[in-house]
Amino acid sequence: MRRITLIILTLFIATLAAAKCANTGIYCLSKSSTLNKNGLIILEFYASSQSLISDLNKKYPIYLKSPNGKVQLNVIETLTGEMRLTQIVLKPATELKADELYTLQIDNLPKYEQKPERYNSSSNKWESLTFKINNSVDNDIPILSNTPTEQKKSLVYYGCGPASWVYFNISGQDKSELFVRTNVTNKATGKVTTYILAIENGAAKVGHGMCSGAFHFDNGNNYEVTFQLLDQSGNKSNSTSTIAFTKPTKETNDE
């Protein structure tokens with residue numbers, strides 16, 4: 001009986017790991033369901049979905065659709081992560097109409113690919129990615145509320161590989177939803193990687209999960225990072241001073 005239980009448990013863990021390490025995915029960085037009239041949209045393409053990016057607005061039209069028409073979304077920046085992730089920053093080709101409800105659409109996606117959705121915690125359902133447009137334009141520069149410092153490190157070994165993170169406390173003030181434009185320099189190689197991170201519980205998580213991530217820590221132990229607040233309308237704060245840090249090397253209990 002014990003052997004059977006162990007086999008079932010092993011199969012369950014393998015299935016869970018496979019689910020977490022699926023090979024496709026398109027996600028929206030924003031948690032907000034509203035956009036300013038000059039708002040931007042940041043999408044993240046995972047694993048094999050990254051191959052779609054070069055054909056957006058060619059083979060795969062991408063746009064915002066409302067009851068009154070369509071607005072094409074143009075890719076104004078592409079940021080490549082170090083572990084199976086690529087981001088694109090999208091800007092509407094024409095001004096969005098205030099009080100309109102727009103739904104993000106990507107046409108002609110392969111059958112295996114799903115369009116990006118947002119989880120509704122009230123209904124416990126995944127829903128189409130929609131945005132209500134505010135009657136405002138945000139040109140204000142985000143204000144950094146603190147001097148970022150390292151909070152903690154985490155290193156957890158999973159079936160598909162380790163999750164390795166360094167947490168930095170960071171917060172700011174702005175009219176729009178805030179993100180963090182993050183620049184990590186590998187001191188051993190001189191390579192600089194730039195990626196936009198969400199702020200989670202007052203922290204920016206620099207590193208990677210079990211299957212993907214912006215920063216891999218694959219060469220050497222010593223790194224430097226700078227942060228720049230970025231709001232959903234594309235306004236940027238000044239960069240912070242350089243912060244030196246080392247990659248996680250000691251296993252911890254949780255991320």
# chains A, B, ... in the order shown; residues from 1 in each chain; ligands from 1

call {"tool": "residues_around", "arguments": {"residues": "stretch 248-252 of chain A", "least_positions_apart": "4", "cutoff": "7 Å", "atoms": "only C-alpha atoms", "output": "tab-separated table (two decimals) with N, CA, C and O atoms, in the first residue's frame"}}
result
chain	number	residue	atom	x	y	z
A	153	LYS	N	16.76	36.77	0.19
A	153	LYS	CA	16.99	35.88	-0.94
A	153	LYS	C	16.19	34.61	-0.74
A	153	LYS	O	15.88	34.23	0.41
A	154	SER	N	15.84	33.94	-1.84
A	154	SER	CA	15.21	32.63	-1.73
A	154	SER	C	15.73	31.72	-2.83
A	154	SER	O	16.00	32.16	-3.95
A	155	LEU	N	15.88	30.45	-2.48
A	155	LEU	CA	16.33	29.43	-3.43
A	155	LEU	C	15.60	28.14	-3.08
A	155	LEU	O	15.80	27.58	-2.00
A	156	VAL	N	14.73	27.71	-3.99
A	156	VAL	CA	13.92	26.52	-3.75
A	156	VAL	C	14.08	25.59	-4.93
A	156	VAL	O	13.91	26.00	-6.08
A	164	SER	N	14.90	30.93	-8.05
A	164	SER	CA	15.95	31.73	-7.43
A	164	SER	C	15.58	33.20	-7.49
A	164	SER	O	15.44	33.77	-8.58
A	165	TRP	N	15.40	33.83	-6.32
A	165	TRP	CA	14.92	35.21	-6.28
A	165	TRP	C	15.72	36.05	-5.28
A	165	TRP	O	16.13	35.55	-4.23

call {"tool": "residues_around", "arguments": {"residues": "A:Ile88", "least_positions_apart": "4", "cutoff": "12 Å", "atoms": "only C-alpha atoms", "output": "list of chain:residue names"}}
result
A:Ile26, A:Tyr27, A:Cys28, A:Leu29, A:Leu40, A:Ile41, A:Ile42, A:Leu43, A:Glu44, A:Phe45, A:Tyr46, A:Gln50, A:Leu52, A:Ile53, A:Ser54, A:Leu56, A:Ile62, A:Leu73, A:Asn74, A:Val75, A:Ile76, A:Glu77, A:Thr78, A:Leu79, A:Thr80, A:Gly81, A:Tyr195, A:Ile196

call {"tool": "write_last_selection", "arguments": {"atoms": "C-alpha atoms", "output": "CSV table (one decimal), in the first residue's frame"}}
result
chain,number,residue,atom,x,y,z
A,26,ILE,CA,0.6,35.1,-23.1
A,27,TYR,CA,0.0,37.2,-20.0
A,28,CYS,CA,-0.7,40.9,-19.2
A,29,LEU,CA,1.6,42.5,-16.6
A,40,LEU,CA,0.2,51.4,-22.5
A,41,ILE,CA,-0.2,47.6,-22.3
A,42,ILE,CA,2.6,45.3,-21.4
A,43,LEU,CA,2.3,41.7,-22.5
A,44,GLU,CA,4.6,38.8,-21.6
A,45,PHE,CA,5.2,35.8,-24.0
A,46,TYR,CA,6.3,32.6,-22.4
A,50,GLN,CA,7.7,34.1,-28.0
A,52,LEU,CA,4.6,35.0,-32.3
A,53,ILE,CA,6.0,38.4,-31.5
A,54,SER,CA,7.8,39.0,-34.8
A,56,LEU,CA,2.3,40.6,-34.6
A,62,ILE,CA,-3.3,42.8,-32.3
A,73,LEU,CA,-1.7,48.2,-31.0
A,74,ASN,CA,1.8,48.9,-32.1
A,75,VAL,CA,4.9,47.3,-30.5
A,76,ILE,CA,7.1,50.1,-29.3
A,77,GLU,CA,9.6,48.0,-27.3
A,78,THR,CA,10.7,44.4,-26.9
A,79,LEU,CA,12.5,43.2,-23.8
A,80,THR,CA,14.0,39.7,-23.8
A,81,GLY,CA,14.4,37.9,-20.5
A,195,TYR,CA,13.0,43.8,-17.9
A,196,ILE,CA,9.8,45.4,-16.5

call {"tool": "closest_residue", "arguments": {"among": "A:Glu200, A:Glu150, A:Ser49, A:Ile170", "to": "A:Pro116", "atoms": "only C-alpha atoms"}}
result
A:Ser49

call {"tool": "closest_residue", "arguments": {"among": "A:Gly234, A:Leu129, A:Pro110, A:Ser136", "to": "A:Leu90", "atoms": "only C-alpha atoms"}}
result
A:Gly234

call {"tool": "residues_around", "arguments": {"residues": "A:Thr34", "least_positions_apart": "4", "cutoff": "9 Å", "atoms": "only C-alpha atoms", "output": "number ranges by chain"}}
result
A: 39, 101, 130-134

call {"tool": "closest_residue", "arguments": {"among": "A:Thr226, A:Asn253, A:Ser48, A:Gln114", "to": "A:Thr193", "atoms": "only C-alpha atoms"}}
result
A:Thr226

call {"tool": "select_by_dssp", "arguments": {"residues": "stretch 93-195 of chain A", "states": "strand (DSSP E or B)", "output": "PyMOL selection string"}}
result
chain A and resi 101-106+117-120+125-128+130-133+143-144+149-158+161-169+172-173+178-186+192-195

call {"tool": "write_last_selection", "arguments": {"atoms": "C-alpha atoms", "output": "short mmCIF file (atom, residue, chain, number, x, y, z; two decimals), in the first residue's frame"}}
result
data_model
loop_
_atom_site.label_atom_id
_atom_site.label_comp_id
_atom_site.auth_asym_id
_atom_site.auth_seq_id
_atom_site.Cartn_x
_atom_site.Cartn_y
_atom_site.Cartn_z
CA LEU A 101 -14.76 49.46 -22.82
CA TYR A 102 -12.05 47.86 -24.98
CA THR A 103 -11.16 44.17 -25.24
CA LEU A 104 -7.71 43.04 -26.32
CA GLN A 105 -7.78 40.81 -29.39
CA ILE A 106 -5.10 38.82 -31.24
CA GLU A 117 -6.93 36.75 -19.98
CA ARG A 118 -7.32 38.27 -16.53
CA TYR A 119 -8.36 36.34 -13.42
CA ASN A 120 -11.44 37.77 -11.69
CA LYS A 125 -13.07 32.91 -13.38
CA TRP A 126 -10.64 33.83 -16.15
CA GLU A 127 -12.08 36.58 -18.31
CA SER A 128 -11.20 38.44 -21.50
CA THR A 130 -10.77 44.37 -21.01
CA PHE A 131 -9.99 47.99 -20.13
CA LYS A 132 -12.29 50.88 -19.27
CA ILE A 133 -10.75 54.14 -20.51
CA ILE A 143 7.71 59.54 -7.34
CA LEU A 144 9.92 56.97 -5.60
CA THR A 149 17.38 47.87 -0.49
CA GLU A 150 17.68 44.10 -0.54
CA GLN A 151 15.10 42.37 1.67
CA LYS A 152 15.90 38.69 1.34
CA LYS A 153 16.99 35.88 -0.94
CA SER A 154 15.21 32.63 -1.73
CA LEU A 155 16.33 29.43 -3.43
CA VAL A 156 13.92 26.52 -3.75
CA TYR A 157 14.58 23.33 -5.71
CA TYR A 158 11.63 21.95 -7.68
CA GLY A 161 14.61 23.21 -11.64
CA PRO A 162 15.28 25.79 -8.94
CA ALA A 163 13.42 29.03 -8.27
CA SER A 164 15.95 31.73 -7.43
CA TRP A 165 14.92 35.21 -6.28
CA VAL A 166 16.34 38.32 -4.67
CA TYR A 167 13.71 40.64 -3.18
CA PHE A 168 14.15 44.44 -3.11
CA ASN A 169 11.73 46.69 -1.29
CA GLY A 172 6.16 54.85 -5.28
CA GLN A 173 3.34 57.27 -5.94
CA LEU A 178 3.21 51.32 -11.22
CA PHE A 179 5.83 48.86 -12.45
CA VAL A 180 9.61 48.70 -12.10
CA ARG A 181 11.97 48.93 -15.05
CA THR A 182 14.87 46.80 -13.82
CA ASN A 183 18.44 46.70 -15.16
CA VAL A 184 20.67 43.87 -13.93
CA THR A 185 24.39 43.76 -14.74
CA ASN A 186 26.34 40.51 -14.50
CA VAL A 192 23.08 44.00 -18.93
CA THR A 193 19.50 42.69 -19.01
CA THR A 194 16.49 45.01 -18.83
CA TYR A 195 12.99 43.84 -17.90
#

call {"tool": "residues_around", "arguments": {"residues": "A:Gly220", "least_positions_apart": "4", "cutoff": "9 Å", "atoms": "only C-alpha atoms", "output": "MDAnalysis selection string"}}
result
chainID A and resid 186:189 246:247

call {"tool": "write_last_selection", "arguments": {"atoms": "N, CA, C and O atoms", "output": "CSV table (one decimal), in the first residue's frame"}}
result
chain,number,residue,atom,x,y,z
A,186,ASN,N,25.5,41.6,-15.0
A,186,ASN,CA,26.3,40.5,-14.5
A,186,ASN,C,27.8,41.0,-14.4
A,186,ASN,O,28.4,41.3,-15.4
A,187,LYS,N,28.3,41.0,-13.2
A,187,LYS,CA,29.7,41.6,-13.0
A,187,LYS,C,30.8,40.7,-13.7
A,187,LYS,O,31.8,41.2,-14.1
A,188,ALA,N,30.5,39.4,-13.9
A,188,ALA,CA,31.5,38.5,-14.5
A,188,ALA,C,31.6,38.7,-16.0
A,188,ALA,O,32.6,38.6,-16.5
A,189,THR,N,30.4,39.0,-16.6
A,189,THR,CA,30.4,39.0,-18.1
A,189,THR,C,30.2,40.4,-18.6
A,189,THR,O,30.4,40.7,-19.8
A,246,THR,N,24.5,39.6,-4.5
A,246,THR,CA,24.9,38.3,-4.9
A,246,THR,C,23.7,37.4,-5.1
A,246,THR,O,22.7,37.6,-4.6
A,247,LYS,N,23.9,36.4,-6.0
A,247,LYS,CA,22.8,35.5,-6.3
A,247,LYS,C,22.6,34.5,-5.1
A,247,LYS,O,23.5,34.3,-4.3

call {"tool": "atom_distance", "arguments": {"atom1": "atom CA of A:Lys97", "atom2": "atom CA of A:Gln232"}}
result
16.7 Å

call {"tool": "atom_distance", "arguments": {"atom1": "atom CA of A:Lys70", "atom2": "atom CA of A:Glu177"}}
result
24.0 Å

call {"tool": "atom_distance", "arguments": {"atom1": "atom CA of A:Leu64", "atom2": "atom CA of A:Pro142"}}
result
26.1 Å

call {"tool": "closest_residue", "arguments": {"among": "A:Gln228, A:Asn108, A:Thr240, A:Thr94", "to": "A:Ile199", "atoms": "only C-alpha atoms"}}
result
A:Gln228

call {"tool": "closest_atom_pairs", "arguments": {"of": "stretch 13-107 of chain A", "to": "stretch 202-213 of chain A", "cutoff": "7 Å", "atoms": "only C-alpha atoms", "output": "tab-separated table"}}
result
residue	atom	partner	partner_atom	distance
A:Cys21	CA	A:Cys211	CA	5.6
A:Gly81	CA	A:Gly213	CA	6.6
A:Glu82	CA	A:Gly213	CA	6.7
A:Met83	CA	A:Ser212	CA	4.9
A:Arg84	CA	A:Ser212	CA	5.3
A:Leu85	CA	A:Gly213	CA	6.3
